[in-house]
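Raw contents of work-v1.tsv, TSV, C-alpha atoms and all ligand atoms:
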```
chain	number	residue	atom	x	y	z
H	1	MET	CA	28.68	-8.63	5.76
H	2	THR	CA	26.85	-11.17	7.91
H	3	LEU	CA	23.77	-10.91	5.74
H	4	VAL	CA	25.79	-11.36	2.57
H	5	ARG	CA	27.52	-14.44	3.92
H	6	GLU	CA	24.22	-15.90	4.99
H	7	ARG	CA	22.56	-15.20	1.64
H	8	ARG	CA	25.38	-15.90	-0.79
H	9	HIS	CA	25.26	-19.70	-1.13
H	10	GLN	CA	22.35	-19.29	-3.52
H	11	GLN	CA	21.62	-19.47	-7.23
H	12	ALA	CA	24.39	-18.64	-9.67
H	13	LEU	CA	22.91	-15.30	-10.60
H	14	LYS	CA	22.75	-14.08	-7.05
H	15	LEU	CA	25.36	-11.78	-5.62
H	16	SER	CA	24.29	-9.52	-2.81
H	17	LEU	CA	26.30	-6.46	-1.90
H	18	PRO	CA	27.26	-5.99	1.72
H	19	PRO	CA	24.38	-4.22	3.41
H	20	PRO	CA	25.67	-1.66	5.86
H	21	ILE	CA	24.22	-2.36	9.29
H	22	PRO	CA	23.35	1.00	10.80
H	23	PRO	CA	24.79	1.35	14.28
H	24	ALA	CA	21.40	2.46	15.54
H	25	GLU	CA	20.03	-0.92	14.50
H	26	LEU	CA	22.63	-2.72	16.55
H	27	ARG	CA	21.81	-0.57	19.55
H	28	HIS	CA	18.20	-1.59	19.39
H	29	ARG	CA	18.23	-5.37	19.61
H	30	THR	CA	15.62	-5.34	22.31
H	31	LEU	CA	13.40	-3.13	20.24
H	32	LEU	CA	13.81	-5.54	17.35
H	33	SER	CA	12.67	-8.58	19.27
H	34	THR	CA	9.66	-6.63	20.43
H	35	LEU	CA	8.89	-5.68	16.83
H	36	LEU	CA	9.26	-9.29	15.73
H	37	SER	CA	7.05	-10.76	18.40
H	38	SER	CA	4.43	-8.07	17.92
H	39	SER	CA	4.19	-8.91	14.24
H	40	ILE	CA	3.36	-12.55	14.85
H	41	SER	CA	-0.32	-13.15	14.79
H	42	PRO	CA	-1.87	-15.95	12.79
H	43	ALA	CA	-4.13	-14.43	10.15
H	44	SER	CA	-6.15	-17.56	9.56
H	45	PRO	CA	-8.48	-18.69	12.32
H	46	CYS	CA	-8.25	-22.34	11.29
H	47	ILE	CA	-4.49	-22.69	11.74
H	48	ASN	CA	-3.90	-22.14	15.42
H	49	ASN	CA	-0.63	-23.90	15.87
H	50	LEU	CA	2.30	-25.24	13.87
H	51	SER	CA	1.48	-28.72	15.18
H	52	ASP	CA	-1.78	-28.49	13.16
H	53	LEU	CA	0.43	-28.93	10.09
H	54	GLU	CA	2.05	-32.12	8.83
H	55	LYS	CA	5.17	-31.79	6.65
H	56	LEU	CA	4.83	-33.67	3.34
H	57	ALA	CA	7.83	-32.61	1.24
H	58	VAL	CA	10.50	-29.97	0.72
H	59	LEU	CA	9.44	-27.53	-2.01
H	60	GLY	CA	12.66	-25.55	-2.15
H	61	HIS	CA	15.40	-23.72	-0.36
H	62	GLY	CA	15.93	-19.98	-0.18
H	63	SER	CA	18.66	-17.85	1.30
H	64	GLY	CA	17.09	-17.70	4.73
H	65	GLY	CA	15.47	-21.11	5.07
H	66	THR	CA	13.39	-23.90	3.60
H	67	VAL	CA	9.90	-24.12	2.12
H	68	TYR	CA	7.84	-27.26	2.86
H	69	LYS	CA	4.61	-28.61	1.43
H	70	VAL	CA	2.36	-29.21	4.44
H	71	ARG	CA	-1.12	-30.58	5.13
H	72	HIS	CA	-3.48	-29.11	7.67
H	73	ARG	CA	-4.39	-32.16	9.76
H	74	SER	CA	-8.07	-31.46	10.37
H	75	SER	CA	-9.10	-29.91	7.04
H	76	ALA	CA	-6.58	-31.74	4.76
H	77	SER	CA	-5.90	-28.40	3.05
H	78	ILE	CA	-2.45	-28.04	1.54
H	79	TYR	CA	-0.19	-25.06	2.28
H	80	ALA	CA	3.43	-24.07	1.77
H	81	LEU	CA	5.33	-23.51	5.03
H	82	LYS	CA	8.32	-21.20	4.75
H	83	VAL	CA	10.67	-21.61	7.69
H	84	LEU	CA	13.22	-18.84	8.19
H	85	ARG	CA	15.97	-19.70	10.64
H	86	PHE	CA	18.13	-17.13	12.33
H	87	THR	CA	20.76	-17.11	14.97
H	88	GLU	CA	20.44	-14.87	17.98
H	89	ASP	CA	22.83	-12.24	16.60
H	90	ALA	CA	21.41	-12.07	13.06
H	91	VAL	CA	19.95	-8.64	13.76
H	92	THR	CA	19.46	-7.49	10.18
H	93	ILE	CA	17.76	-10.72	9.14
H	94	ARG	CA	15.44	-10.54	12.15
H	95	LEU	CA	14.54	-7.00	11.19
H	96	GLN	CA	13.84	-8.13	7.62
H	97	ALA	CA	11.72	-11.05	8.79
H	98	ALA	CA	9.71	-8.79	11.07
H	99	ARG	CA	9.15	-6.41	8.20
H	100	GLU	CA	8.14	-9.26	5.88
H	101	ALA	CA	5.61	-10.48	8.46
H	102	GLU	CA	4.27	-6.97	8.90
H	103	ILE	CA	3.81	-6.50	5.13
H	104	LEU	CA	2.25	-9.93	4.62
H	105	LYS	CA	-0.34	-9.15	7.26
H	106	ARG	CA	-1.41	-6.08	5.28
H	107	VAL	CA	-1.65	-7.46	1.76
H	108	ASP	CA	-4.67	-9.20	0.27
H	109	SER	CA	-4.74	-9.46	-3.50
H	110	PRO	CA	-5.29	-12.16	-6.13
H	111	TYR	CA	-1.90	-11.16	-7.54
H	112	ILE	CA	0.03	-11.77	-4.32
H	113	VAL	CA	0.71	-15.18	-2.72
H	114	ARG	CA	-1.48	-15.24	0.37
H	115	CYS	CA	-0.08	-15.64	3.85
H	116	HIS	CA	-2.40	-17.52	6.23
H	117	GLY	CA	-0.38	-17.08	9.38
H	118	VAL	CA	3.00	-16.30	10.91
H	119	PHE	CA	4.36	-18.30	13.82
H	120	ASN	CA	7.44	-17.88	15.95
H	121	ASN	CA	8.88	-21.28	16.70
H	122	GLY	CA	10.94	-20.00	19.63
H	123	ILE	CA	14.42	-21.28	20.44
H	124	THR	CA	15.31	-24.09	18.01
H	125	GLY	CA	17.66	-26.03	20.26
H	126	ASN	CA	20.55	-25.76	17.79
H	127	GLY	CA	22.69	-24.34	20.55
H	128	ASP	CA	23.01	-20.96	18.83
H	129	GLY	CA	20.12	-19.33	20.65
H	130	GLY	CA	18.41	-19.05	17.26
H	131	SER	CA	14.76	-19.34	16.42
H	132	ASP	CA	12.48	-20.07	13.48
H	133	LEU	CA	9.92	-17.78	12.00
H	134	CYS	CA	7.34	-19.73	10.00
H	135	PHE	CA	5.03	-18.35	7.32
H	136	VAL	CA	2.03	-20.45	6.31
H	137	MET	CA	1.55	-19.57	2.65
H	138	GLU	CA	-0.89	-20.36	-0.12
H	139	TYR	CA	0.45	-23.43	-1.93
H	140	MET	CA	1.42	-22.67	-5.52
H	141	GLU	CA	1.23	-26.05	-7.25
H	142	ALA	CA	3.35	-25.27	-10.31
H	143	GLY	CA	6.28	-23.81	-8.36
H	144	SER	CA	8.17	-20.73	-9.44
H	145	LEU	CA	8.74	-19.15	-12.81
H	146	HIS	CA	12.42	-19.92	-12.22
H	147	ASP	CA	11.58	-23.65	-11.89
H	148	VAL	CA	9.52	-23.58	-15.10
H	149	LEU	CA	12.13	-21.62	-17.03
H	150	ARG	CA	14.79	-24.11	-16.01
H	151	VAL	CA	12.82	-26.86	-17.73
H	152	ARG	CA	11.24	-25.02	-20.66
H	153	ARG	CA	14.04	-22.47	-21.29
H	154	ARG	CA	11.78	-19.93	-23.00
H	155	PHE	CA	8.14	-19.03	-23.55
H	156	PRO	CA	6.18	-17.73	-26.52
H	157	GLU	CA	5.02	-14.10	-26.27
H	158	LYS	CA	1.40	-15.12	-25.70
H	159	VAL	CA	2.47	-16.70	-22.41
H	160	ILE	CA	4.85	-13.89	-21.47
H	161	TYR	CA	2.29	-11.12	-21.77
H	162	GLY	CA	0.01	-12.96	-19.36
H	163	VAL	CA	2.88	-13.18	-16.86
H	164	ALA	CA	3.76	-9.50	-17.34
H	165	ARG	CA	0.14	-8.43	-16.92
H	166	ARG	CA	-0.30	-10.28	-13.62
H	167	VAL	CA	2.99	-9.01	-12.18
H	168	LEU	CA	2.03	-5.46	-13.18
H	169	GLU	CA	-1.36	-5.89	-11.47
H	170	GLY	CA	0.44	-7.11	-8.35
H	171	LEU	CA	2.87	-4.20	-8.43
H	172	HIS	CA	0.00	-1.79	-8.98
H	173	TYR	CA	-1.63	-3.11	-5.81
H	174	LEU	CA	1.61	-3.01	-3.80
H	175	HIS	CA	2.71	0.41	-4.98
H	176	GLY	CA	-0.78	1.72	-4.23
H	177	MET	CA	-0.12	0.64	-0.64
H	178	GLN	CA	3.29	2.35	-0.78
H	179	ILE	CA	5.04	-1.02	-0.70
H	180	VAL	CA	8.18	-1.51	-2.82
H	181	HIS	CA	8.72	-5.23	-3.44
H	182	GLY	CA	12.44	-4.82	-4.07
H	183	ASP	CA	13.19	-8.36	-5.29
H	184	ILE	CA	11.13	-9.17	-8.38
H	185	LYS	CA	12.81	-12.15	-10.05
H	186	PRO	CA	11.69	-15.51	-11.50
H	187	SER	CA	12.04	-17.43	-8.21
H	188	ASN	CA	9.74	-14.94	-6.47
H	189	LEU	CA	6.97	-15.31	-9.04
H	190	LEU	CA	4.94	-18.40	-8.20
H	191	ILE	CA	2.39	-20.22	-10.35
H	192	ASN	CA	-0.74	-22.04	-9.17
H	193	ALA	CA	-2.61	-24.97	-10.68
H	194	ILE	CA	-4.58	-22.80	-13.10
H	195	GLY	CA	-1.52	-20.94	-14.34
H	196	HIS	CA	-1.99	-17.76	-12.34
H	197	VAL	CA	1.26	-16.03	-11.52
H	198	LYS	CA	1.51	-14.32	-8.11
H	199	ILE	CA	4.20	-12.27	-6.43
H	200	ALA	CA	5.86	-13.81	-3.36
H	201	ASP	CA	8.69	-13.15	-0.92
H	202	PHE	CA	8.67	-9.79	0.80
H	203	GLY	CA	12.00	-10.35	2.55
H	204	VAL	CA	13.53	-7.14	1.24
H	205	SER	CA	10.34	-5.16	0.72
H	206	HIS	CA	9.69	-1.92	2.52
H	207	VAL	CA	6.99	0.63	2.96
H	208	VAL	CA	7.82	4.04	1.53
H	209	ALA	CA	7.25	6.56	4.27
H	210	GLY	CA	7.29	9.79	2.27
H	211	LYS	CA	11.04	9.77	1.82
H	212	PRO	CA	13.50	8.13	-0.55
H	213	ASN	CA	14.73	4.64	0.11
H	214	ASN	CA	17.24	4.27	2.91
H	215	THR	CA	20.69	2.90	2.27
H	216	CYS	CA	20.13	-0.24	4.33
H	217	ASP	CA	17.53	-1.47	1.82
H	218	PHE	CA	19.39	-0.24	-1.18
H	219	PHE	CA	21.85	-3.10	-1.41
H	220	MET	CA	19.45	-5.91	-0.61
H	221	GLY	CA	17.66	-7.97	-3.22
H	222	THR	CA	19.16	-9.97	-6.04
H	223	SER	CA	21.73	-7.92	-7.86
H	224	ALA	CA	21.20	-9.48	-11.29
H	225	TYR	CA	17.69	-8.02	-11.35
H	226	MET	CA	18.61	-4.72	-9.69
H	227	SER	CA	18.04	-1.44	-11.46
H	228	PRO	CA	20.92	0.94	-12.26
H	229	GLU	CA	19.82	3.38	-9.54
H	230	ARG	CA	19.98	0.64	-6.90
H	231	PHE	CA	23.20	-0.82	-8.23
H	232	ASP	CA	24.99	2.49	-8.52
H	233	PRO	CA	22.94	5.19	-6.75
H	234	GLU	CA	25.57	7.87	-7.20
H	235	ARG	CA	25.71	7.60	-10.98
H	236	TRP	CA	21.98	7.06	-11.55
H	237	GLY	CA	20.49	9.39	-8.94
H	238	GLY	CA	19.26	6.51	-6.81
H	239	ASP	CA	19.24	8.53	-3.59
H	240	CYS	CA	16.22	10.44	-4.88
H	241	SER	CA	14.29	7.35	-5.99
H	242	ASP	CA	11.46	5.96	-3.87
H	243	GLY	CA	12.15	2.45	-5.25
H	244	PHE	CA	8.97	1.87	-7.28
H	245	ALA	CA	10.82	2.26	-10.59
H	246	GLY	CA	13.26	-0.44	-9.46
H	247	ASP	CA	10.43	-3.00	-9.45
H	248	VAL	CA	9.58	-2.05	-13.06
H	249	TRP	CA	13.21	-2.56	-14.13
H	250	SER	CA	13.26	-6.02	-12.54
H	251	LEU	CA	10.03	-6.95	-14.33
H	252	GLY	CA	11.65	-5.89	-17.64
H	253	VAL	CA	14.59	-8.23	-16.98
H	254	VAL	CA	12.22	-11.11	-16.13
H	255	VAL	CA	10.12	-10.56	-19.26
H	256	LEU	CA	13.20	-10.50	-21.48
H	257	GLU	CA	14.58	-13.62	-19.76
H	258	CYS	CA	11.33	-15.48	-20.55
H	259	LEU	CA	11.84	-14.70	-24.24
H	260	VAL	CA	15.57	-15.35	-24.68
H	261	GLY	CA	15.82	-18.29	-22.28
H	262	HIS	CA	18.73	-17.08	-20.15
H	263	PHE	CA	19.60	-14.12	-17.97
H	264	PRO	CA	19.43	-11.50	-20.72
H	265	LEU	CA	21.76	-8.70	-19.64
H	266	ILE	CA	24.96	-10.69	-20.14
H	267	GLY	CA	26.01	-13.31	-22.68
H	268	PRO	CA	24.96	-16.97	-22.06
H	269	GLY	CA	28.51	-18.06	-21.15
H	270	GLN	CA	29.44	-14.99	-19.10
H	271	LYS	CA	29.88	-15.26	-15.33
H	272	PRO	CA	27.39	-13.05	-13.50
H	273	ASP	CA	29.97	-11.64	-11.12
H	274	TRP	CA	29.81	-8.18	-9.66
H	275	PRO	CA	31.94	-6.28	-12.26
H	276	THR	CA	30.17	-7.97	-15.21
H	277	LEU	CA	26.74	-7.13	-13.83
H	278	MET	CA	27.85	-3.62	-12.97
H	279	CYS	CA	29.00	-3.03	-16.57
H	280	ALA	CA	25.87	-4.55	-18.09
H	281	ILE	CA	23.41	-2.75	-15.84
H	282	CYS	CA	25.01	0.61	-15.16
H	283	PHE	CA	27.17	1.53	-18.14
H	284	GLY	CA	26.21	2.34	-21.67
H	285	GLU	CA	23.45	4.67	-22.70
H	286	LYS	CA	20.68	2.27	-23.61
H	287	MET	CA	19.93	-1.40	-23.08
H	288	GLU	CA	20.50	-3.32	-26.31
H	289	MET	CA	17.70	-5.70	-27.25
H	290	PRO	CA	19.18	-9.15	-27.87
H	291	GLU	CA	18.88	-10.35	-31.44
H	292	THR	CA	15.75	-12.41	-30.96
H	293	ALA	CA	12.55	-12.45	-32.92
H	294	ALA	CA	10.23	-10.27	-30.87
H	295	SER	CA	7.15	-8.31	-31.81
H	296	PRO	CA	7.38	-4.49	-31.87
H	297	GLU	CA	5.03	-4.41	-28.84
H	298	PHE	CA	7.31	-6.72	-26.88
H	299	GLN	CA	10.37	-4.64	-27.75
H	300	SER	CA	8.67	-1.40	-26.84
H	301	PHE	CA	7.43	-2.83	-23.51
H	302	VAL	CA	10.88	-4.08	-22.53
H	303	CYS	CA	12.50	-0.80	-23.59
H	304	ARG	CA	10.10	1.14	-21.32
H	305	CYS	CA	10.99	-1.15	-18.40
H	306	LEU	CA	14.72	-1.15	-19.04
H	307	GLU	CA	15.11	2.60	-19.41
H	308	LYS	CA	18.24	3.23	-17.35
H	309	ASP	CA	17.16	6.61	-16.04
H	310	TRP	CA	14.47	5.77	-13.48
H	311	ARG	CA	12.81	9.18	-13.97
H	312	LYS	CA	12.13	8.33	-17.64
H	313	ARG	CA	11.25	4.65	-17.08
H	314	GLY	CA	7.66	3.49	-17.64
H	315	THR	CA	5.48	3.51	-14.56
H	316	VAL	CA	3.27	0.59	-13.60
H	317	ALA	CA	0.16	2.61	-14.52
H	318	GLU	CA	1.57	3.43	-17.97
H	319	LEU	CA	2.66	-0.16	-18.60
H	320	LEU	CA	-0.73	-1.56	-17.64
H	321	SER	CA	-2.16	0.15	-20.71
H	322	HIS	CA	0.76	-0.81	-22.96
H	323	PRO	CA	-0.36	-2.74	-26.08
H	324	PHE	CA	1.91	-5.68	-25.17
H	325	VAL	CA	-0.08	-6.57	-22.05
H	326	ASN	CA	-3.42	-5.82	-23.66
H	327	LYS	CA	-3.28	-8.46	-26.34
H	328	GLY	CA	-6.28	-10.76	-26.02
H	329	CYS	CA	-7.30	-12.06	-22.62
H	330	CYS	CA	-4.27	-11.50	-20.43
H	331	ASP	CA	-5.59	-12.62	-17.08
H	332	SER	CA	-5.30	-16.23	-18.08
H	333	THR	CA	-1.88	-17.79	-18.32
H	334	GLU	CA	-3.23	-21.26	-19.04
H	335	GLY	CA	-0.43	-21.74	-21.53
H	336	LEU	CA	1.98	-21.31	-18.67
H	337	VAL	CA	0.46	-24.03	-16.53
H	338	ASP	CA	0.60	-26.38	-19.51
H	339	TYR	CA	4.29	-25.62	-19.61
H	340	ALA	CA	4.72	-25.92	-15.86
H	341	LEU	CA	2.71	-28.98	-14.97
H	342	ASN	CA	2.37	-30.92	-18.20
H	343	GLY	CA	5.77	-30.30	-19.73
H	401	LIG	N1	4.00	-20.76	-1.68
H	401	LIG	C1	4.75	-21.65	-2.33
H	401	LIG	N2	4.19	-22.68	-3.01
H	401	LIG	C2	4.95	-23.56	-3.69
H	401	LIG	N3	6.30	-23.50	-3.77
H	401	LIG	C3	6.92	-22.50	-3.12
H	401	LIG	C4	6.19	-21.53	-2.36
H	401	LIG	N4	7.09	-20.64	-1.84
H	401	LIG	C5	8.29	-21.05	-2.24
H	401	LIG	N5	8.22	-22.17	-3.00
H	401	LIG	C6	9.35	-22.89	-3.61
H	401	LIG	O1	10.45	-22.84	-2.71
H	401	LIG	C7	11.58	-22.21	-3.33
H	401	LIG	C8	12.34	-21.41	-2.28
H	401	LIG	O2	11.57	-20.28	-1.93
H	401	LIG	P1	12.15	-19.08	-1.06
H	401	LIG	O3	11.14	-18.00	-1.06
H	401	LIG	O4	12.60	-19.59	0.26
H	401	LIG	O5	13.49	-18.69	-1.77
H	401	LIG	P2	13.82	-18.04	-3.19
H	401	LIG	O6	12.89	-16.92	-3.49
H	401	LIG	O7	13.92	-19.14	-4.23
H	401	LIG	O8	15.29	-17.50	-2.95
H	401	LIG	P3	15.74	-16.30	-1.99
H	401	LIG	O9	15.19	-16.52	-0.63
H	401	LIG	O10	17.20	-16.46	-2.02
H	401	LIG	O11	15.24	-15.05	-2.62
H	401	LIG	C9	10.98	-21.37	-4.46
H	401	LIG	O12	11.92	-21.14	-5.50
H	401	LIG	C10	9.80	-22.25	-4.92
H	401	LIG	O13	10.25	-23.24	-5.81
```

Before we go any further, please render this structure as structure tokens.
Amino acid sequence: MTLVRERRHQQALKLSLPPPIPPAELRHRTLLSTLLSSSISPASPCINNLSDLEKLAVLGHGSGGTVYKVRHRSSASIYALKVLRFTEDAVTIRLQAAREAEILKRVDSPYIVRCHGVFNNGITGNGDGGSDLCFVMEYMEAGSLHDVLRVRRRFPEKVIYGVARRVLEGLHYLHGMQIVHGDIKPSNLLINAIGHVKIADFGVSHVVAGKPNNTCDFFMGTSAYMSPERFDPERWGGDCSDGFAGDVWSLGVVVLECLVGHFPLIGPGQKPDWPTLMCAICFGEKMEMPETAASPEFQSFVCRCLEKDWRKRGTVAELLSHPFVNKGCCDSTEGLVDYALNG
């Protein structure tokens, strides 16, 4: 419940289910702090200390903290600094943050937002015994897909297939490393100055260790983009899923949202509360395509992503050779940066 309370004051479409905190986790607070401190090691030799960075502006707020635009004092390079704040007793969030740091240290791909260092800011002096964990990230000039969608509402297919292709490439890389992202959504897809989309935010990601997902992870992430097997594991056989198919579902929702201009699984005026999302995502045999002009390739791609039964859903490998993402030169999303930066 603590995690839900801490995460809930977010975007309208966000509604996290209460993550059960396993008793074993609570018993191992000491172990957790060890894990957290052991995962903090700046990956970039040039940024040795947080005081090397000068804050320039606030880029955005997330559930766990704030993201700042910062300048490295000696090189003048620009980065994004994500500051996660947690109180002493926020055990689950500390575990998540430690896991995020651990995953970010491992990944290195042009399709993933790069992390240049992780710093523990120690006790914050807020009187709650809390501390900050700071991630120095690659600065993505055009912000998130969520930011761009808010302004532009919808994109033409030629822009969407570039987005889809890059996210698939990123998922291919992550899944190859046995990493489930777990929270693919527009605000976690960031865009740089040349229109390249990259996956960010590994706060609910996990490494698959040869067994199905554990229940603690199952209810994290943003429920509007959650797959049926994560939303309702009992009905959709989620206990047997390793989680990779859930990332594909979320991509399908994002792709459809880019076309229709609003969260696509419920009507534009409908409130995205828990029962409404549950009905839209988990009930009914097949996902209905909204009545929007879309090419047959687009429709087929989205149908493969939004197949409710995760065992029948398209895999990342299959979707990478789908005709929709192989139209023309898909690596460039220049159209997107025109939308993002030039309006
Ligand atoms: N590397 C970055 N470069 C530029 N802007 C960024 C970067 N990282 C995050 N932002 C901006 O900051 C906002 C907040 O990011 P953050 O990852 O904290 O939360 P979120 O993904 O929006 O939400 P939540 O944490 O609830 O999932 C993003 O929506 C984006 O606009």

Set the distance at 10 Å and use all atoms listed in the file: which residues neighbour Val207 of chain H once local chain neighbours fewer than 6 positions away are removed? I'd like the list as a PyMOL selection string. chain H and resi 99+103+174-175+177-181+213+242-243

Provide an axis-aligned box for all listed atoms of ligand LIG 401 (chain H), padding each side by 3 Å; report its centre and its edge lengths in Å to one decimal, as JSON.
```
{"center_x": 10.6, "center_y": -19.3, "center_z": -2.8, "size_x": 19.2, "size_y": 14.5, "size_z": 12.1}
```

Throw together the list of residues within 7 Å of ligand LIG 401 (chain H), counting all atoms listed in the file, and drop it here as a PyMOL selection string. chain H and resi 7+10+59-67+80+82+113+137-141+143-144+146-147+187-188+190+201

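Among the candidates H:Phe324, H:Phe119, H:Tyr111, H:Trp249, the one nearest to Glu307 of chain H when counting only C-alpha atoms is H:Trp249.
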
Wanna dump the segment 67-165 of chain H-segment 308-323 of chain H contacts at 12 Å for me, each residue with its shortest atom pair and the distance in Å to one decimal, counting only C-alpha atoms, ordered by chain and number, as CSV?
```
residue,atom,partner,partner_atom,distance
H:Tyr161,CA,H:Pro323,CA,9.8
H:Gly162,CA,H:Leu320,CA,11.6
H:Ala164,CA,H:Leu320,CA,9.1
H:Arg165,CA,H:Leu320,CA,7.0
```

Shell around Phe86 of chain H at 8 Å using all atoms listed in the file, local window under 6 positions removed, as an MDAnalysis selection string: chainID H and resid 64 93:94 130:132

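Nearest-residue note for Pro264 of chain H: choosing from H:Ile78, H:Arg154, H:Ser295, H:Phe301, the minimum distance belongs to H:Arg154, counting all atoms listed in the file.
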